[in-house]
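Colleague: Submitted below is the structure of interest, expressed as structure tokens.
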Amino acid sequence: MKEWTDQRIPIWVPPLPGEALDSWLEAYARRLRVTTHVFMAFVGLRGSRPSRMTERLSGSEREILSQVTGLSPQELAAMTLEPYEGLTVTFKSGQDGMNRPPTWRYYGTHSRFCPACLDDTRGRWLLAWRQPWSFACLRHRRLLLERCPACEQFVRAQGTRVGGPSKPAHCTRGRHRTEGCRRVLVACGFSLAQSPAQILPASGLVLQAQQHVDALLQDRFSQPGSARTQLHDMYSLGWRSLAGLATDLGSAPRVVHQVLEETGGAMPIQTHAQDATDVRSIAIGTALARLADPRPTPADPKLFEWILKTSDQLSTAQDGSSPSSRATAWRRASPHLSGYALARLDADLTLIARVRYGTAAPRPYWRSLTQDQIRRRAASLPDKLWPSWTMRLLTPALANGRSADRFRRAASTLLMLPGTRLDYGPATALLDHKPNAKARRMLDSYPQDVLASVIAQLAWAIDEQGAPIDYARRRRLFREDTIRLDLPALNTISTKLGWDSEPARTRLIRWHLLDLLLGSSPESVQDKITTHHRFRLHMPRPLKDFLHDQAEANLERFGIDEPVRWEPPDDWATVDTWPGFDSDNIDHGLASHLAAAGFSEALLVRELGLTTTHFRLYCESLGITITPSPKPARRPTGRTRGKGVPRVGPLAPDQLHDRYIKQKMTTAQIGRLAGCSGSTVSQALREAGISTPQRRPNGVFERTIDRDWLETEYRIKGRSAPDIARELGLHKNPVIKLIKKYEIPRNTPGLHSNPFAPLDIQLSPTMAAVNRTPNCVQRLRHLIQLPGQPHVAAAAKALGLRDSVLRYQINAIEKTTGFPVITWRTSPLAATAPGRELLAEAELLLLLLDRHSSQTVTGEPQPGRRSAH
Ligand SMILES: [Zn+2]
Ligand SMILES: [Zn+2]
């Protein structure tokens, strides 16, 4: 309160806590023994009506009242409805008066009252009584009143102009009386404190509802958004439960009757849609709304269900039952509440509608997006669904490169739908996709529950949490002709990797740079999509890092400060079971360790229990690089040409024989004749069974066969030179020469070539010794059959061997291992403890070997062949 000044009224009447401005002004005037009309004129506010001032004070009103009463402008504003703007009242902008409030149709222009409170305070009125949400007095457990029982008019605190100062707690509304030949307006004068009011049961549902609402209104400063949303939902449920009473009282759950009972037993007056303004209707609606509020779960699920059901009946009758009309009916409710209302339709909806309205999500959620929000969502989405999410969502049935790509595009498009009226086609346009009917059709065969749920969850999470990449901008800025690739730096890296500069590879690298920036596969005309996938998978680490730096440089060029790549965190959408593979179930440590150790893709795929496509998505998501198996790159080719189509012309076997053997033409010369490359000629020679002696220029092998690779194959994997030569499609001599030239220490003579070398798998020391012995594959095959056989003779019989031969074979293995593998004396036969480990390893190796040879058509080394040393 301000200092005492000359302008202040020399008598001080303090306001009561929570008192409305008009009530306080009326009390002040009474204290000064004048009417408020006179009082207002006296303080310099002639023409201002206290009832209207209690809605919102004008600047000058606040100023003047503050001067004459000593209350601060803030204290004065707190006695008006102004702080509730947008929450419970709506002011007309720039002028006096109010528009329809956000909730209910009670404008707060008159005041409700508790007779007992008026009695206690000798006629002081609370501001809360002008709120639509006030319907009960918690202190006196009364339903509030709003009309004078005598004159049946709405009451208010402000007195009349005539008849002198008002009497506290008496009806001030005028009524006309004829005096002689004049009609005069006199106050009704009924003692409002004596009005009979409905008594509410202590801790009954109505009083609980009032407490709940009061707490929400208290929260309005700490959490304005949340209070507004909750009041909105209460209103949505409140008026619908009133409408439900009129629609189908018969099926109403017990609690509805209890609330009616508490408020006097009769039906509420206003049940038509959203029109309720009277205190009793609002009390009933609010009490029911509180019990039905679905967040976090409805206190009374049956009531919630009944409200949704009757509301559906009502809106179907009015607007039809389409999901869009339903969505419109709930558009003012919170996204969660409207989501629940729409979720009732889920079973009847198409995939597109389920995605659009999010009806399949575990916590239904729906709101209508603005154009701006739609644009923001589109900007957050890459052309193709993020790899880790694709990995979880892609079913094994769709796990092949092309289907996976289609699926990724389709899923990314679907992410545009939640909260919009877009259809699939227009959504593709927003992402600058070409419409792809195959992708769209593919979705029909996909498990729709999961897709509809996950897409909706992800879309809403992206809207709420935001994505750190603006793909719309990237799509605008980066195209194949606008991205920059530092070619000199690329050349340096290529040289280090031992690559010569090939335009085709540079094209691939540009393509991958664009892919990194756009999260998409740009339409590729010249190369097969699998070429790109394989290139990405085997991209050497230095090149991968280089591309990442290049992507950053391209972003920097446009002043864009974003991560190059980003994926929504795993917990942005949940389902019970993923149709694809949950990367949570994959041992990341093991995966990157195996990848770094140079294990082949096929082996990793098996080890991790994935499909190749899922494995590649996994690698893409985590940036794992698989060391390329040298075979496909170095072996001239393992494929046979166009199954069964015979070579013709210069490549026909007889002509080849003639030119190559008799005329001693080179492969290059024959290639020129045939119009193909020299290596094709070599291939044709091999197909024709013509051996090709080494005719290469000096030093060609140093350039094409890497020393590290050769040492690994020869020394570490223990393969013989002929074995390696066979893989490279060469004679053994150049390989032996190269081993000498590289000064790789020679293998101990007498050791056999490791038959498991093609598997790229790390062997235990014991197995590494066993596999260099003669005929070891066959011996191991026999060995693993032994446990469980009754005795050696039976085992030998089962294997079609004499038992002495079997014993000899096993003894030979045990001589190498240095420990017994099988306990001979038990029946049935069993493995020893170290034997069990060896057998398990042998079993795995043999299995892998069988698969490997079934996958490879030609050029496989024969296991156990004697080396040349
Ligand atoms: Zn009271
Ligand atoms: Zn009256």
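Residues are named by chain letter and number: chains run A, B, ... in the order of the structure tokens, numbers start at 1 in each chain, and ligands are numbered from 1 in the order shown.
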Ligand 1: which residues are within 9 Å, counting only C-alpha atoms and all ligand atoms, as a short mmCIF file (atom, residue, chain, number, x, y, z; two decimals) with N, CA, C and O atoms, in the first residue's frame?

Modeller:
data_model
loop_
_atom_site.label_atom_id
_atom_site.label_comp_id
_atom_site.auth_asym_id
_atom_site.auth_seq_id
_atom_site.Cartn_x
_atom_site.Cartn_y
_atom_site.Cartn_z
N PHE A 113 -23.10 -16.57 -5.37
CA PHE A 113 -22.83 -16.27 -3.96
C PHE A 113 -23.18 -17.43 -3.06
O PHE A 113 -23.99 -18.30 -3.39
N CYS A 114 -22.50 -17.44 -1.89
CA CYS A 114 -22.85 -18.36 -0.82
C CYS A 114 -23.55 -17.54 0.26
O CYS A 114 -22.97 -16.61 0.80
N PRO A 115 -24.81 -17.84 0.58
CA PRO A 115 -25.54 -17.02 1.57
C PRO A 115 -24.82 -17.00 2.91
O PRO A 115 -24.75 -15.94 3.55
N ALA A 116 -24.23 -18.12 3.29
CA ALA A 116 -23.57 -18.17 4.59
C ALA A 116 -22.33 -17.28 4.61
O ALA A 116 -22.04 -16.63 5.62
N CYS A 117 -21.60 -17.26 3.47
CA CYS A 117 -20.43 -16.39 3.40
C CYS A 117 -20.85 -14.92 3.50
O CYS A 117 -20.23 -14.13 4.21
N LEU A 118 -21.92 -14.54 2.76
CA LEU A 118 -22.39 -13.16 2.81
C LEU A 118 -22.78 -12.79 4.23
O LEU A 118 -22.54 -11.67 4.69
N ASP A 119 -23.36 -13.76 4.92
CA ASP A 119 -23.76 -13.52 6.31
C ASP A 119 -22.52 -13.29 7.18
O ASP A 119 -22.45 -12.34 7.97
N ASP A 120 -21.52 -14.17 7.00
CA ASP A 120 -20.30 -14.07 7.82
C ASP A 120 -19.59 -12.75 7.64
O ASP A 120 -19.06 -12.17 8.59
N ALA A 136 -19.36 -24.18 -5.75
CA ALA A 136 -19.63 -24.64 -4.39
C ALA A 136 -18.80 -23.86 -3.39
O ALA A 136 -17.71 -23.38 -3.71
N CYS A 137 -19.34 -23.68 -2.18
CA CYS A 137 -18.56 -23.08 -1.10
C CYS A 137 -18.00 -24.22 -0.25
O CYS A 137 -18.76 -24.99 0.33
N LEU A 138 -16.65 -24.30 -0.27
CA LEU A 138 -16.02 -25.41 0.46
C LEU A 138 -16.19 -25.24 1.96
O LEU A 138 -16.27 -26.20 2.71
N ARG A 139 -16.27 -23.93 2.39
CA ARG A 139 -16.36 -23.68 3.83
C ARG A 139 -17.72 -24.09 4.36
O ARG A 139 -17.83 -24.75 5.38
N HIS A 140 -18.75 -23.71 3.65
CA HIS A 140 -20.10 -23.97 4.17
C HIS A 140 -20.77 -25.15 3.49
O HIS A 140 -21.92 -25.44 3.76
N ARG A 141 -20.02 -25.84 2.59
CA ARG A 141 -20.55 -27.01 1.87
C ARG A 141 -21.91 -26.72 1.25
O ARG A 141 -22.91 -27.40 1.51
N ARG A 142 -21.95 -25.64 0.51
CA ARG A 142 -23.20 -25.25 -0.15
C ARG A 142 -22.97 -25.16 -1.65
O ARG A 142 -21.89 -24.77 -2.09
N LEU A 143 -23.97 -25.51 -2.41
CA LEU A 143 -23.97 -25.18 -3.83
C LEU A 143 -24.21 -23.67 -3.90
O LEU A 143 -25.10 -23.16 -3.20
N LEU A 144 -23.41 -22.96 -4.71
CA LEU A 144 -23.58 -21.51 -4.78
C LEU A 144 -24.93 -21.18 -5.42
O LEU A 144 -25.50 -21.98 -6.15
#

Colleague: Can you pull out every residue with an atom within 8 Å of ligand 2? Use only C-alpha atoms and all ligand atoms and format it as JSON, numbers by chain.

Modeller: {"A": [147, 148, 149, 150, 151, 152, 153, 155, 170, 171, 172, 173, 174, 187, 188, 189, 190, 192]}

Colleague: Would you compute the distance between CA of Ala551 in chain A and CA of Asp486 in chain A? Give it in Å to one decimal.

Modeller: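 If I compute the distance from CA of Ala551 in chain A to CA of Asp486 in chain A, I get 10.6 Å.
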
Colleague: Can you list every residue in range 647-833 of chain A that DSSP puts in strand (DSSP E or B), as an MDAnalysis selection string?

Modeller: chainID A and resid 822:823 830:831

Colleague: Would you output that residue set with C-alpha atoms, as an mmCIF file, in the first residue's frame?

Modeller:
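See out_39.cif below for the written result:
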data_model
loop_
_atom_site.group_PDB
_atom_site.id
_atom_site.type_symbol
_atom_site.label_atom_id
_atom_site.label_comp_id
_atom_site.auth_asym_id
_atom_site.auth_seq_id
_atom_site.Cartn_x
_atom_site.Cartn_y
_atom_site.Cartn_z
ATOM 1 C CA ILE A 822 37.041 -88.560 -26.077
ATOM 2 C CA THR A 823 36.727 -90.739 -22.984
ATOM 3 C CA ALA A 830 31.598 -88.597 -24.183
ATOM 4 C CA ALA A 831 33.917 -85.676 -24.743
#

Colleague: Gln7 in chain A: which residues within 12 Å, counting only C-alpha atoms, same-chain residues fewer than 2 positions away excluded, as a PDB file with C-alpha atoms, in the first residue's frame?

Modeller:
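Everything below was put into result.pdb:
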ATOM      1  CA  LYS A   2       1.184   3.485  -0.822  1.00  0.00           C
ATOM      2  CA  GLU A   3       2.108   6.254   1.615  1.00  0.00           C
ATOM      3  CA  TRP A   4      -0.687   8.354   3.039  1.00  0.00           C
ATOM      4  CA  THR A   5      -1.134  11.335   0.686  1.00  0.00           C
ATOM      5  CA  ILE A   9      -9.689   9.306   1.168  1.00  0.00           C
ATOM      6  CA  PRO A  10      -9.128  10.025   4.853  1.00  0.00           C
ATOM      7  CA  ILE A  11     -11.041   6.913   5.862  1.00  0.00           C
ATOM      8  CA  PHE A  42     -16.368  11.856  -5.844  1.00  0.00           C
ATOM      9  CA  VAL A  43     -13.110  10.087  -6.660  1.00  0.00           C
ATOM     10  CA  GLY A  44     -13.175  11.383 -10.227  1.00  0.00           C
ATOM     11  CA  GLU A  63      -4.309   5.132 -11.643  1.00  0.00           C
ATOM     12  CA  ILE A  64      -7.059   7.134  -9.943  1.00  0.00           C
ATOM     13  CA  LEU A  65      -8.235   4.325  -7.661  1.00  0.00           C
ATOM     14  CA  SER A  66      -4.653   3.752  -6.623  1.00  0.00           C
ATOM     15  CA  GLN A  67      -4.243   7.438  -5.724  1.00  0.00           C
ATOM     16  CA  VAL A  68      -7.441   7.762  -3.703  1.00  0.00           C
ATOM     17  CA  THR A  69      -7.290   4.420  -1.885  1.00  0.00           C
ATOM     18  CA  GLY A  70      -3.557   3.834  -1.530  1.00  0.00           C
TER      19      GLY A  70
END

Colleague: Just asking: which residues within range 683-811 of chain A are helix (DSSP H, G or I) according to DSSP, as a PyMOL selection string?

Modeller: chain A and resi 683-687+700-704+707-716+721-728+732-741+757-759+765-770+776-785+792-799+803-811

Colleague: Fewer than 3 positions away in the same chain doesn't count, so skip those; otherwise give me all residues within 6 Å of range 347-361 of chain A, counting only C-alpha atoms, as a list in words.

Modeller: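 These residues fall inside the cut-off: Ala343, Pro364, Trp366, Leu417, Pro418, Gly419, Ala452, Ser453 and Ala456 of chain A.
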
Colleague: Give the answer as one residue: which of A:Ser682, A:Ser583, A:Thr704, A:Thr395 has the shortest atom-to-atom distance to Trp499 in chain A, using only C-alpha atoms?

Modeller: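 Checking each candidate against Trp499 in chain A, we get A:Thr704 as the closest.
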
Colleague: Point out the residue among A:Tyr107, A:Phe91, A:Tyr28, A:Tyr365 with the least atom-to-atom distance to Ser166 in chain A, counting only C-alpha atoms.

Modeller: A:Tyr28

Colleague: For Thr35 in chain A, list every protein, DNA or RNA residue within 12 Å, evaluated using only C-alpha atoms, and leave out those in the same chain fewer than 2 positions away; present the list as JSON, numbers by chain.

Modeller: {"A": [25, 26, 27, 28, 29, 30, 31, 32, 33, 37, 38, 39, 40, 41, 42, 49, 50, 158, 159, 160, 161, 162, 163, 164, 165, 166, 167, 172]}

Colleague: Those selected residues, please, written with C-alpha atoms and delivered as a PDB file, in the first residue's frame.

Modeller:
ATOM      1  CA  LEU A  25     -15.977  -0.284  -3.625  1.00  0.00           C
ATOM      2  CA  GLU A  26     -19.547  -0.885  -2.446  1.00  0.00           C
ATOM      3  CA  ALA A  27     -18.288  -1.471   1.116  1.00  0.00           C
ATOM      4  CA  TYR A  28     -16.204   1.719   0.885  1.00  0.00           C
ATOM      5  CA  ALA A  29     -19.198   3.715  -0.286  1.00  0.00           C
ATOM      6  CA  ARG A  30     -21.372   2.266   2.471  1.00  0.00           C
ATOM      7  CA  ARG A  31     -18.713   3.219   5.010  1.00  0.00           C
ATOM      8  CA  LEU A  32     -18.831   6.776   3.618  1.00  0.00           C
ATOM      9  CA  ARG A  33     -22.615   6.574   3.720  1.00  0.00           C
ATOM     10  CA  HIS A  37     -22.603   6.263  -7.929  1.00  0.00           C
ATOM     11  CA  VAL A  38     -21.771   9.212  -5.700  1.00  0.00           C
ATOM     12  CA  PHE A  39     -18.568   7.566  -4.541  1.00  0.00           C
ATOM     13  CA  MET A  40     -17.300   7.109  -8.100  1.00  0.00           C
ATOM     14  CA  ALA A  41     -18.128  10.710  -8.983  1.00  0.00           C
ATOM     15  CA  PHE A  42     -16.368  11.856  -5.844  1.00  0.00           C
ATOM     16  CA  ARG A  49     -19.466   1.130 -13.257  1.00  0.00           C
ATOM     17  CA  PRO A  50     -17.847  -0.983 -10.515  1.00  0.00           C
ATOM     18  CA  GLN A 158     -22.894  -3.220  -6.892  1.00  0.00           C
ATOM     19  CA  GLY A 159     -25.683  -1.080  -5.424  1.00  0.00           C
ATOM     20  CA  THR A 160     -28.289   0.948  -7.297  1.00  0.00           C
ATOM     21  CA  ARG A 161     -28.107   4.661  -8.026  1.00  0.00           C
ATOM     22  CA  VAL A 162     -31.289   5.364  -6.164  1.00  0.00           C
ATOM     23  CA  GLY A 163     -32.456   4.788  -2.638  1.00  0.00           C
ATOM     24  CA  GLY A 164     -29.289   5.739  -0.763  1.00  0.00           C
ATOM     25  CA  PRO A 165     -26.402   3.559   0.400  1.00  0.00           C
ATOM     26  CA  SER A 166     -26.924  -0.162  -0.080  1.00  0.00           C
ATOM     27  CA  LYS A 167     -27.675  -2.558   2.738  1.00  0.00           C
ATOM     28  CA  THR A 172     -29.482  -4.641  -5.062  1.00  0.00           C
TER      29      THR A 172
END

Colleague: Would you write out, as a tab-separated table, a table of all residues in range 232-329 of chain A that have an atom no more than 9 Å from an atom of range 198-217 of chain A, listing for each the closest atom pair and the distance in Å to one decimal, considering only C-alpha atoms and ordering rows by chain and rising residue number?

Modeller:
residue	atom	partner	partner_atom	distance
A:Gln258	CA	A:Leu205	CA	8.2
A:Val259	CA	A:Leu205	CA	6.5
A:Glu262	CA	A:Leu200	CA	6.1
A:Thr263	CA	A:Gln198	CA	6.9
A:Gly264	CA	A:Gln198	CA	6.9
A:Ala283	CA	A:Val206	CA	6.4
A:Ile284	CA	A:Val206	CA	7.1
A:Thr286	CA	A:Ala209	CA	6.4
A:Ala287	CA	A:Ala209	CA	5.0
A:Leu288	CA	A:Leu205	CA	8.3
A:Ala289	CA	A:Ala209	CA	8.6
A:Arg290	CA	A:Ala209	CA	6.3
A:Leu291	CA	A:Ala209	CA	8.7

Colleague: Take the residues from that selection and put them in a file with N, CA, C and O atoms, as a PDB file, in the first residue's frame.

Modeller:
ATOM      1  N   GLN A 258     -25.033 -40.613  -8.626  1.00  0.00           N
ATOM      2  CA  GLN A 258     -24.557 -40.104  -7.341  1.00  0.00           C
ATOM      3  C   GLN A 258     -24.368 -38.581  -7.397  1.00  0.00           C
ATOM      4  O   GLN A 258     -24.756 -37.859  -6.480  1.00  0.00           O
ATOM      5  N   VAL A 259     -23.803 -38.107  -8.507  1.00  0.00           N
ATOM      6  CA  VAL A 259     -23.585 -36.666  -8.633  1.00  0.00           C
ATOM      7  C   VAL A 259     -24.929 -35.928  -8.719  1.00  0.00           C
ATOM      8  O   VAL A 259     -25.126 -34.882  -8.094  1.00  0.00           O
ATOM      9  N   GLU A 262     -26.303 -35.705  -5.258  1.00  0.00           N
ATOM     10  CA  GLU A 262     -25.635 -34.716  -4.406  1.00  0.00           C
ATOM     11  C   GLU A 262     -26.146 -33.311  -4.673  1.00  0.00           C
ATOM     12  O   GLU A 262     -26.185 -32.473  -3.783  1.00  0.00           O
ATOM     13  N   THR A 263     -26.515 -33.041  -5.940  1.00  0.00           N
ATOM     14  CA  THR A 263     -26.934 -31.685  -6.287  1.00  0.00           C
ATOM     15  C   THR A 263     -28.448 -31.518  -6.247  1.00  0.00           C
ATOM     16  O   THR A 263     -28.981 -30.572  -6.813  1.00  0.00           O
ATOM     17  N   GLY A 264     -29.141 -32.459  -5.635  1.00  0.00           N
ATOM     18  CA  GLY A 264     -30.567 -32.261  -5.439  1.00  0.00           C
ATOM     19  C   GLY A 264     -31.447 -33.260  -6.166  1.00  0.00           C
ATOM     20  O   GLY A 264     -32.657 -33.264  -5.997  1.00  0.00           O
ATOM     21  N   ALA A 283     -21.691 -27.600 -12.005  1.00  0.00           N
ATOM     22  CA  ALA A 283     -21.250 -28.444 -10.891  1.00  0.00           C
ATOM     23  C   ALA A 283     -21.306 -29.917 -11.290  1.00  0.00           C
ATOM     24  O   ALA A 283     -20.343 -30.673 -11.069  1.00  0.00           O
ATOM     25  N   ILE A 284     -22.387 -30.323 -11.921  1.00  0.00           N
ATOM     26  CA  ILE A 284     -22.534 -31.734 -12.315  1.00  0.00           C
ATOM     27  C   ILE A 284     -21.504 -32.090 -13.381  1.00  0.00           C
ATOM     28  O   ILE A 284     -20.783 -33.095 -13.293  1.00  0.00           O
ATOM     29  N   THR A 286     -18.665 -30.663 -14.085  1.00  0.00           N
ATOM     30  CA  THR A 286     -17.288 -30.650 -13.600  1.00  0.00           C
ATOM     31  C   THR A 286     -16.997 -31.876 -12.733  1.00  0.00           C
ATOM     32  O   THR A 286     -15.922 -32.483 -12.836  1.00  0.00           O
ATOM     33  N   ALA A 287     -17.958 -32.230 -11.875  1.00  0.00           N
ATOM     34  CA  ALA A 287     -17.748 -33.389 -11.007  1.00  0.00           C
ATOM     35  C   ALA A 287     -17.537 -34.639 -11.856  1.00  0.00           C
ATOM     36  O   ALA A 287     -16.651 -35.460 -11.561  1.00  0.00           O
ATOM     37  N   LEU A 288     -18.297 -34.779 -12.941  1.00  0.00           N
ATOM     38  CA  LEU A 288     -18.149 -35.959 -13.798  1.00  0.00           C
ATOM     39  C   LEU A 288     -16.858 -35.882 -14.610  1.00  0.00           C
ATOM     40  O   LEU A 288     -16.150 -36.876 -14.775  1.00  0.00           O
ATOM     41  N   ALA A 289     -16.536 -34.670 -15.088  1.00  0.00           N
ATOM     42  CA  ALA A 289     -15.316 -34.511 -15.888  1.00  0.00           C
ATOM     43  C   ALA A 289     -14.086 -34.902 -15.081  1.00  0.00           C
ATOM     44  O   ALA A 289     -13.169 -35.549 -15.589  1.00  0.00           O
ATOM     45  N   ARG A 290     -14.075 -34.533 -13.810  1.00  0.00           N
ATOM     46  CA  ARG A 290     -12.899 -34.846 -12.995  1.00  0.00           C
ATOM     47  C   ARG A 290     -12.695 -36.354 -12.900  1.00  0.00           C
ATOM     48  O   ARG A 290     -11.580 -36.857 -12.943  1.00  0.00           O
ATOM     49  N   LEU A 291     -13.804 -37.092 -12.794  1.00  0.00           N
ATOM     50  CA  LEU A 291     -13.693 -38.554 -12.649  1.00  0.00           C
ATOM     51  C   LEU A 291     -13.332 -39.243 -13.962  1.00  0.00           C
ATOM     52  O   LEU A 291     -12.845 -40.366 -13.968  1.00  0.00           O
TER      53      LEU A 291
END

Colleague: Near range 509-520 of chain A, within 10 Å and counting only C-alpha atoms, which residues show up once chain neighbours fewer than 3 positions away are dropped, as an MDAnalysis selection string?

Modeller: chainID A and resid 381:387 405 408:409 469:475 478:485 490 503:506 523:524 532:533 535:536 539 543:544 546:552 554:555 563:566

Colleague: Find the spatial neighbours of Thr121 in chain A, counting only C-alpha atoms, within a cut-off of 10 Å - ignore same-chain residues fewer than 5 positions away - and output them as a VMD selection string.

Modeller: chain A and resid 16 116 168 to 169

Colleague: With all heavy atoms kept, could you save the residues just selected as a PDB file, in the first residue's frame?

Modeller:
ATOM      1  N   LEU A  16     -11.191  -7.429   1.794  1.00  0.00           N
ATOM      2  CA  LEU A  16     -10.996  -8.756   2.399  1.00  0.00           C
ATOM      3  C   LEU A  16     -10.159  -9.619   1.431  1.00  0.00           C
ATOM      4  O   LEU A  16     -10.146  -9.349   0.241  1.00  0.00           O
ATOM      5  CB  LEU A  16     -12.346  -9.436   2.633  1.00  0.00           C
ATOM      6  CG  LEU A  16     -13.291  -8.770   3.616  1.00  0.00           C
ATOM      7  CD1 LEU A  16     -14.534  -9.662   3.814  1.00  0.00           C
ATOM      8  CD2 LEU A  16     -12.626  -8.498   4.953  1.00  0.00           C
ATOM      9  N   ALA A 116     -24.232 -18.122   3.292  1.00  0.00           N
ATOM     10  CA  ALA A 116     -23.566 -18.167   4.589  1.00  0.00           C
ATOM     11  C   ALA A 116     -22.334 -17.282   4.612  1.00  0.00           C
ATOM     12  O   ALA A 116     -22.038 -16.632   5.625  1.00  0.00           O
ATOM     13  CB  ALA A 116     -23.198 -19.607   4.934  1.00  0.00           C
ATOM     14  N   PRO A 168     -25.893  -4.074   3.336  1.00  0.00           N
ATOM     15  CA  PRO A 168     -25.021  -5.217   3.066  1.00  0.00           C
ATOM     16  C   PRO A 168     -25.816  -6.512   2.932  1.00  0.00           C
ATOM     17  O   PRO A 168     -26.767  -6.737   3.679  1.00  0.00           O
ATOM     18  CB  PRO A 168     -24.078  -5.261   4.272  1.00  0.00           C
ATOM     19  CG  PRO A 168     -24.657  -4.341   5.284  1.00  0.00           C
ATOM     20  CD  PRO A 168     -25.555  -3.369   4.587  1.00  0.00           C
ATOM     21  N   ALA A 169     -25.418  -7.355   1.945  1.00  0.00           N
ATOM     22  CA  ALA A 169     -26.008  -8.683   1.737  1.00  0.00           C
ATOM     23  C   ALA A 169     -27.483  -8.647   1.381  1.00  0.00           C
ATOM     24  O   ALA A 169     -28.193  -9.626   1.568  1.00  0.00           O
ATOM     25  CB  ALA A 169     -25.789  -9.591   2.960  1.00  0.00           C
TER      26      ALA A 169
END
